[in-house]
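Just below is one structure, and these are the notes that go with it.
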Amino acid sequence: MSKETALPDVSFDLPPEEFRRLGHQLIELMIETLEAERSDPVLRPVTGPEIRGLIDEPLPQSGSSIDDIMIQWRDVLSRHSRRHGHPRFFGYVCTSADPLGMLADAMASTVNQLVTAWRSSPPAIEIERLVLRWLDELVGFGANGNGLLVSGGSMANFHGLACAVTQAELHANLPPGSRHRLAVYMSREGHVSMKKAAQLLGLPPDNVRLLDIDEGRRLQTDALRTQLEEDRAAGLIPAAVCVSSGTANTGTIDPLNDVSEICQEYGVWFHIDGSYGAPAVMTKDYAWMAEAFGRADSLSLDPHKWLFAPADAGCVLIRDEEISRRTFTLFSEYTTITQTDPIERFAFFDHGLEMSRRFRGLKVWTILKARGADRIAGVIQHDIDLRRHLDARIDAEHRLEPLGSELSIACFRYVPESEVSDERLNAINQTIVETLIAEGRCYMSPTTLEGRYALRVCIINFRTQREDIDFLVDEVLRIGRDAEGSTG
Ligand SMILES: Cc1ncc(COP(=O)(O)O)c(C=O)c1O
């Protein structure tokens with residue numbers, strides 16, 4: 001080159017000193033964010049336009065300072081995110097994330113593995129496979145960890161049902177295009193992701209049989225039998241029965257053992273959605289669930305729920321490795337495996353939908369290894385004990401009516417002094433939830449049970465203590481009394 005031309009800067013590398021400086025800055029921000037999990041409001045009131053206004057701008061054509069961007073991480077992200085690790089966050093099924101999992105996630109991004117096949121990521125694959133064996137042992141599934149880590153309960157349920165459909169097609173020797181003949185069964189409290197999965201797998205919506213529940217909100221086994229008989233007589237092929245070991249709505253555990261027997265009798269795939277509740281099997285009160293877990297064909301459980309992993313980390317265990325292989329293996333030149341050693345031949349893409357996958361195993365491995373199963377079981381027991389404490393407080397307050405509790409979820413409502421219409425009762429309880437959230441000192445998500453607006457508390461949190469439960473009850477009573485006094 002005769003003339004000197006400025007070469008474009010094509011490297012994104014950071015000089016080590018700069019990386020170190022930013023790393024320290026990040027760690028300080030992470031510490032600040034975690035401290036705020038205790039001291040800040042659970043959620044700062046903010047509007048859509050306000051949040052959008054804080055970040056919206058045209059696509060940057062040239063870069064800006066990372067220090068300024070980190071200020072936005074603090075002022076927007078850290079400040080305005082809902083704090084799921086707050087000791088008085090009781091909404092949905094969200095966990096307080098183990099800080100060790102956060103560090104592991106940073107390391108996972110650093111090694112940046114795709115976790116496809118052993119040949120591409122030997123340690124990452126082996127770590128995930130070990131994690132799967134540990135999770136299998138932890139819940140008593142007993143299939144040596146066949147399965148995979150996925151993004152969460154929804155994908156876990158999808159993979160379980162996909163395998164069930166394969167099995168049903170094989171057994172019935174169905175030609176392609178016959179999925180309209182398959183049916184799946186669950187209670188009407190079954191998670192929406194299972195209904196979605198069945199439909200995406202090609203079953204007609206009407207063939208997703210949503211069965212009646214008993215007074216404890218459990219699937220009615222008589223209704224299941226009747227539906228199986230009717231469907232068979234009508235030429236339908238039952239592909240799977242899906243039960244929950246802890247529904248998202250009320251924590252209800254379906255009659256797992258009875259359903260497993262029915263599945264055996266009818267030769268139907270037995271899927272358990274343990275996305276939320278399965279880890280409770282480690283406690284003495286729920287150890288009984290292990291018997292059914294040991295008989296399930298597939299089981300979903302989410303490390304990012306009651307095993308305290310930061311999102312995302314779901315898991316599905318599949319008993320029959322051959323079925324998951326048949327369901328998900330498809331030939332392509334670029335995925336052909338030439339290794340012959342059984343360990344080295346392994347590929348997760350032969351057992352699941354994703355090709356490139358996040359290295360989710362690292363945070364789950366780190367948490368299980370650093371904390372140990374006994375200590376994690378102790379935290380789960382603590383959460384269950386807190387729910388029992390809440391039950392006792394509800395029972396002791398004549399203004400509070402229990403609406404059912406199980407695992408670490410309790411539902412109840414405030415009932416005013418004077419008799420009011422059902423509509424007014426619901427409105428008062430809605431005001432309680434909305435005021436609690438607006439004031440930011442507690443957070444809960446409501447539900448509706450047989451037309452009754454219910455206050456729903458879910459405790460999967462290693463920071464929550466008895467005083468947090470007492471605080472919540474006192475707040476509900478205070479706001480309830482105020483709402484009762486207002487004309488509505
Ligand atoms: C019982 C149950 N199943 C499935 C899911 C879906 O899990 P995810 O949100 O991780 O996809 C949830 C979520 O709360 C759940 O509680």
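In the structure tokens, chains take the letters A, B, ... in the order shown, each chain's residues start at 1, and ligands count up from 1 in the order shown.
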Just want the residues within 9 Å of ligand 1, written as a ChimeraX atom specification, counting only C-alpha atoms and all ligand atoms.
/A:92-94,151-157,190-194,244-249,251,273-277,300-302,304-305,311-314
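Taking only C-alpha atoms, the non-local environment of Thr221 (chain A) within 10 Å (same-chain residues fewer than 3 positions away omitted) comprises Ser187, Leu211, Asp212, Ile213, Asp214, Arg218, Leu224, Arg225, Thr226, Gln227, Asp254, Pro255, Leu256, Asp258, Val259 and Ile262 of chain A.
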Residue subset to file, keeping C-alpha atoms, as a JSON list (two decimals), in the first residue's frame:
```json
[["chain", "number", "residue", "atom", "x", "y", "z"],
["A", 187, "SER", "CA", -57.18, -31.45, 35.04],
["A", 211, "LEU", "CA", -61.00, -32.93, 33.42],
["A", 212, "ASP", "CA", -62.99, -31.96, 36.46],
["A", 213, "ILE", "CA", -61.31, -31.38, 39.81],
["A", 214, "ASP", "CA", -62.40, -32.42, 43.30],
["A", 218, "ARG", "CA", -57.10, -32.28, 42.29],
["A", 224, "LEU", "CA", -60.19, -39.59, 33.95],
["A", 225, "ARG", "CA", -61.29, -43.22, 33.70],
["A", 226, "THR", "CA", -64.62, -42.30, 32.14],
["A", 227, "GLN", "CA", -62.97, -40.06, 29.55],
["A", 254, "ASP", "CA", -52.87, -34.27, 41.77],
["A", 255, "PRO", "CA", -53.40, -37.88, 42.98],
["A", 256, "LEU", "CA", -50.08, -38.95, 41.52],
["A", 258, "ASP", "CA", -53.67, -43.28, 41.53],
["A", 259, "VAL", "CA", -53.07, -41.71, 38.14],
["A", 262, "ILE", "CA", -54.47, -45.80, 35.70]]
```
Could you pull the residues within 9 Å of Asn112 (chain A), counting only C-alpha atoms, minus those fewer than 4 positions along the same chain, as an mmCIF file with N, CA and C atoms, in the first residue's frame?
```
data_model
loop_
_atom_site.group_PDB
_atom_site.id
_atom_site.type_symbol
_atom_site.label_atom_id
_atom_site.label_comp_id
_atom_site.auth_asym_id
_atom_site.auth_seq_id
_atom_site.Cartn_x
_atom_site.Cartn_y
_atom_site.Cartn_z
ATOM 1 N N MET A 107 -19.564 -16.730 34.035
ATOM 2 C CA MET A 107 -18.516 -17.639 33.540
ATOM 3 C C MET A 107 -19.020 -18.402 32.307
ATOM 4 N N ALA A 108 -20.292 -18.792 32.351
ATOM 5 C CA ALA A 108 -20.860 -19.523 31.205
ATOM 6 C C ALA A 108 -20.804 -18.663 29.943
ATOM 7 N N ARG A 358 -27.909 -22.538 25.623
ATOM 8 C CA ARG A 358 -27.170 -21.849 26.692
ATOM 9 C C ARG A 358 -26.515 -22.875 27.607
ATOM 10 N N PHE A 359 -25.408 -22.496 28.188
ATOM 11 C CA PHE A 359 -24.725 -23.387 29.133
ATOM 12 C C PHE A 359 -25.410 -23.252 30.506
#
```
All residues 9 Å or closer to Gly147 (chain A), only C-alpha atoms, same chain fewer than 4 positions away omitted, as an NGL selection string:
:A and (129 or 132 or 298 or 315-319 or 321 or 324 or 348 or 351-352)
Residues flagged alpha helix (DSSP H) by DSSP in region 333-383 of chain A, as a list in words:
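Of region 333-383 of chain A, the ones in alpha helix (DSSP H) are Gly361, Leu362, Lys363, Val364, Trp365, Thr366, Ile367, Leu368, Lys369, Ala370, Arg371, Ala373, Asp374, Arg375, Ile376, Ala377, Gly378, Val379, Ile380, Gln381, His382 and Asp383 of chain A.
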Let's have the selection written as an mmCIF file, in the first residue's frame, with C-alpha atoms.
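File produced: out_30.cif:
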```cif
data_model
loop_
_atom_site.group_PDB
_atom_site.id
_atom_site.type_symbol
_atom_site.label_atom_id
_atom_site.label_comp_id
_atom_site.auth_asym_id
_atom_site.auth_seq_id
_atom_site.Cartn_x
_atom_site.Cartn_y
_atom_site.Cartn_z
ATOM 1 C CA GLY A 361 -25.722 -26.601 33.444
ATOM 2 C CA LEU A 362 -22.954 -24.480 34.948
ATOM 3 C CA LYS A 363 -25.148 -22.502 37.336
ATOM 4 C CA VAL A 364 -27.168 -25.560 38.376
ATOM 5 C CA TRP A 365 -23.967 -27.595 38.913
ATOM 6 C CA THR A 366 -22.418 -24.729 40.894
ATOM 7 C CA ILE A 367 -25.477 -24.312 43.130
ATOM 8 C CA LEU A 368 -25.927 -28.049 43.788
ATOM 9 C CA LYS A 369 -22.205 -28.513 44.434
ATOM 10 C CA ALA A 370 -21.707 -25.438 46.593
ATOM 11 C CA ARG A 371 -24.910 -25.645 48.627
ATOM 12 C CA ALA A 373 -28.875 -31.160 48.529
ATOM 13 C CA ASP A 374 -29.414 -31.173 52.318
ATOM 14 C CA ARG A 375 -29.106 -27.419 52.634
ATOM 15 C CA ILE A 376 -31.369 -26.798 49.657
ATOM 16 C CA ALA A 377 -33.931 -29.203 51.143
ATOM 17 C CA GLY A 378 -33.706 -27.169 54.360
ATOM 18 C CA VAL A 379 -34.602 -23.955 52.520
ATOM 19 C CA ILE A 380 -37.534 -25.664 50.789
ATOM 20 C CA GLN A 381 -38.740 -26.957 54.177
ATOM 21 C CA HIS A 382 -38.385 -23.432 55.578
ATOM 22 C CA ASP A 383 -40.600 -22.074 52.774
#
```
Close residues, region 52-60 of chain A itself excluded, 10 Å, only C-alpha atoms, min 5 positions apart in chain, as a list in words:
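Counting only C-alpha atoms, the residues come to Thr47, Gln72, Asp75 and Val76 of chain A.
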Got time to write the residues from that selection, C-alpha atoms, as a PDB file, in the first residue's frame?
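Final output, saved to out.pdb:
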```
ATOM      1  CA  THR A  47     -45.596   3.709  33.485  1.00  0.00           C
ATOM      2  CA  GLN A  72     -28.339   2.990  32.528  1.00  0.00           C
ATOM      3  CA  ASP A  75     -30.745   3.705  36.791  1.00  0.00           C
ATOM      4  CA  VAL A  76     -33.152   1.784  34.607  1.00  0.00           C
TER       5      VAL A  76
END
```
Quick check, in Å to one decimal: how far apart do CA of Leu425 (chain A) and CA of Leu477 (chain A) lie?
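One can read the CA of Leu425 (chain A) to CA of Leu477 (chain A) distance as 13.9 Å.
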Using only C-alpha atoms, which residues sit within 6 Å of Ser96 (chain A) once same-chain residues fewer than 4 positions away are excluded, as a PyMOL selection string?
chain A and resi 84-85+461
With distances taken over only C-alpha atoms, which of A:Asp13, A:Glu128, A:Glu37, A:Glu50 is nearest to Arg83 (chain A)?
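Among A:Asp13, A:Glu128, A:Glu37, A:Glu50, it is A:Glu37 that comes nearest to Arg83 (chain A).
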In terms of the shortest atom-to-atom distance over only C-alpha atoms, which of A:Val184, A:Leu77, A:Val281, A:Leu330 is closest to Met355 (chain A)?
A:Leu330
If you measure from CA of Thr110 (chain A) to CA of Val131 (chain A), what distance in Å do you get, rounded to one decimal?
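Between these atoms lies a distance of 20.0 Å.
Distance check against His180 (chain A) using only C-alpha atoms: of A:Pro238, A:Pro87, A:Pro310, A:Gly142, the minimum falls on A:Pro238.
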Can you work out the spacing between CA of Ser356 (chain A) and CA of Leu114 (chain A) in Å, to one decimal?
4.8 Å
Using only C-alpha atoms, which of the listed residues (A:Pro204, A:Val139, A:Arg399, A:Phe158) sits closest to Ser418 (chain A)?
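The closest residue to Ser418 (chain A) is A:Arg399.
Here the residues within region 313-460 of chain A that DSSP labels strand (DSSP E) on the basis of the backbone are Gly314, Cys315, Val316, Leu317, Ile318, Leu400, Glu401, Pro402, Leu403, Gly404, Ser405, Glu406, Ile409, Ala410, Cys411, Phe412, Arg413, Tyr414, Thr447, Thr448, Leu449, Arg452, Tyr453, Ala454, Leu455, Arg456, Val457 and Cys458 of chain A.
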Grab the residues selected above and save them as a JSON list (two decimals), in the first residue's frame with N, CA and C atoms.
```json
[["chain", "number", "residue", "atom", "x", "y", "z"],
["A", 314, "GLY", "N", -34.68, -24.79, 33.10],
["A", 314, "GLY", "CA", -35.71, -25.81, 33.29],
["A", 314, "GLY", "C", -35.08, -27.16, 33.02],
["A", 315, "CYS", "N", -35.83, -28.21, 33.32],
["A", 315, "CYS", "CA", -35.29, -29.55, 33.08],
["A", 315, "CYS", "C", -36.43, -30.52, 32.78],
["A", 316, "VAL", "N", -36.19, -31.38, 31.80],
["A", 316, "VAL", "CA", -37.14, -32.47, 31.59],
["A", 316, "VAL", "C", -36.38, -33.77, 31.65],
["A", 317, "LEU", "N", -36.93, -34.71, 32.40],
["A", 317, "LEU", "CA", -36.36, -36.06, 32.49],
["A", 317, "LEU", "C", -37.26, -37.00, 31.71],
["A", 318, "ILE", "N", -36.66, -37.84, 30.89],
["A", 318, "ILE", "CA", -37.41, -38.77, 30.04],
["A", 318, "ILE", "C", -36.91, -40.19, 30.35],
["A", 400, "LEU", "N", -60.16, -13.05, 57.91],
["A", 400, "LEU", "CA", -59.53, -13.72, 56.78],
["A", 400, "LEU", "C", -60.13, -15.11, 56.59],
["A", 401, "GLU", "N", -60.39, -15.42, 55.32],
["A", 401, "GLU", "CA", -60.99, -16.73, 55.01],
["A", 401, "GLU", "C", -60.00, -17.56, 54.20],
["A", 402, "PRO", "N", -59.63, -18.75, 54.69],
["A", 402, "PRO", "CA", -58.69, -19.57, 53.91],
["A", 402, "PRO", "C", -59.39, -20.13, 52.67],
["A", 403, "LEU", "N", -58.66, -20.17, 51.55],
["A", 403, "LEU", "CA", -59.23, -20.73, 50.32],
["A", 403, "LEU", "C", -58.37, -21.88, 49.80],
["A", 404, "GLY", "N", -57.52, -22.41, 50.66],
["A", 404, "GLY", "CA", -56.73, -23.58, 50.28],
["A", 404, "GLY", "C", -55.24, -23.28, 50.24],
["A", 405, "SER", "N", -54.45, -24.26, 50.71],
["A", 405, "SER", "CA", -53.01, -24.08, 50.63],
["A", 405, "SER", "C", -52.32, -25.43, 50.47],
["A", 406, "GLU", "N", -51.19, -25.41, 49.82],
["A", 406, "GLU", "CA", -50.40, -26.63, 49.58],
["A", 406, "GLU", "C", -48.99, -26.20, 49.24],
["A", 409, "ILE", "N", -47.73, -22.45, 48.64],
["A", 409, "ILE", "CA", -48.72, -21.48, 48.14],
["A", 409, "ILE", "C", -49.95, -21.50, 49.07],
["A", 410, "ALA", "N", -50.39, -20.31, 49.46],
["A", 410, "ALA", "CA", -51.64, -20.21, 50.23],
["A", 410, "ALA", "C", -52.54, -19.19, 49.56],
["A", 411, "CYS", "N", -53.83, -19.52, 49.50],
["A", 411, "CYS", "CA", -54.82, -18.59, 48.95],
["A", 411, "CYS", "C", -55.83, -18.25, 50.05],
["A", 412, "PHE", "N", -56.22, -17.00, 50.11],
["A", 412, "PHE", "CA", -57.19, -16.58, 51.12],
["A", 412, "PHE", "C", -57.83, -15.28, 50.66],
["A", 413, "ARG", "N", -58.80, -14.82, 51.44],
["A", 413, "ARG", "CA", -59.34, -13.50, 51.10],
["A", 413, "ARG", "C", -59.79, -12.78, 52.36],
["A", 414, "TYR", "N", -59.91, -11.49, 52.22],
["A", 414, "TYR", "CA", -60.38, -10.64, 53.30],
["A", 414, "TYR", "C", -61.90, -10.62, 53.25],
["A", 447, "THR", "N", -55.49, -14.62, 42.18],
["A", 447, "THR", "CA", -56.10, -15.60, 41.30],
["A", 447, "THR", "C", -57.60, -15.56, 41.55],
["A", 448, "THR", "N", -58.36, -16.29, 40.76],
["A", 448, "THR", "CA", -59.80, -16.36, 40.99],
["A", 448, "THR", "C", -60.17, -17.83, 41.12],
["A", 449, "LEU", "N", -60.79, -18.18, 42.23],
["A", 449, "LEU", "CA", -61.15, -19.57, 42.49],
["A", 449, "LEU", "C", -62.67, -19.67, 42.58],
["A", 452, "ARG", "N", -64.28, -16.50, 43.09],
["A", 452, "ARG", "CA", -63.86, -15.72, 44.26],
["A", 452, "ARG", "C", -62.46, -15.15, 44.00],
["A", 453, "TYR", "N", -62.36, -13.84, 44.05],
["A", 453, "TYR", "CA", -61.04, -13.20, 43.87],
["A", 453, "TYR", "C", -60.21, -13.54, 45.10],
["A", 454, "ALA", "N", -59.05, -14.18, 44.86],
["A", 454, "ALA", "CA", -58.27, -14.67, 46.00],
["A", 454, "ALA", "C", -56.91, -14.00, 46.06],
["A", 455, "LEU", "N", -56.47, -13.73, 47.28],
["A", 455, "LEU", "CA", -55.10, -13.28, 47.51],
["A", 455, "LEU", "C", -54.24, -14.54, 47.50],
["A", 456, "ARG", "N", -53.23, -14.54, 46.67],
["A", 456, "ARG", "CA", -52.41, -15.75, 46.50],
["A", 456, "ARG", "C", -50.97, -15.44, 46.88],
["A", 457, "VAL", "N", -50.44, -16.24, 47.77],
["A", 457, "VAL", "CA", -49.07, -16.02, 48.26],
["A", 457, "VAL", "C", -48.22, -17.23, 47.90],
["A", 458, "CYS", "N", -47.13, -17.01, 47.19],
["A", 458, "CYS", "CA", -46.22, -18.11, 46.85],
["A", 458, "CYS", "C", -44.84, -17.78, 47.44]]
```
Set out as a tab-separated table a contact list for region 211-253 of chain A and region 195-203 of chain A with a cut-off of 10 Å, giving each residue of region 211-253 of chain A that qualifies its closest atom pair and distance in Å to one decimal, counting only C-alpha atoms, ordered by chain and rising residue number.
```
residue	atom	partner	partner_atom	distance
A:Ala239	CA	A:Ala198	CA	10.0
A:Ala240	CA	A:Ala198	CA	9.7
A:Cys242	CA	A:Lys195	CA	10.0
```
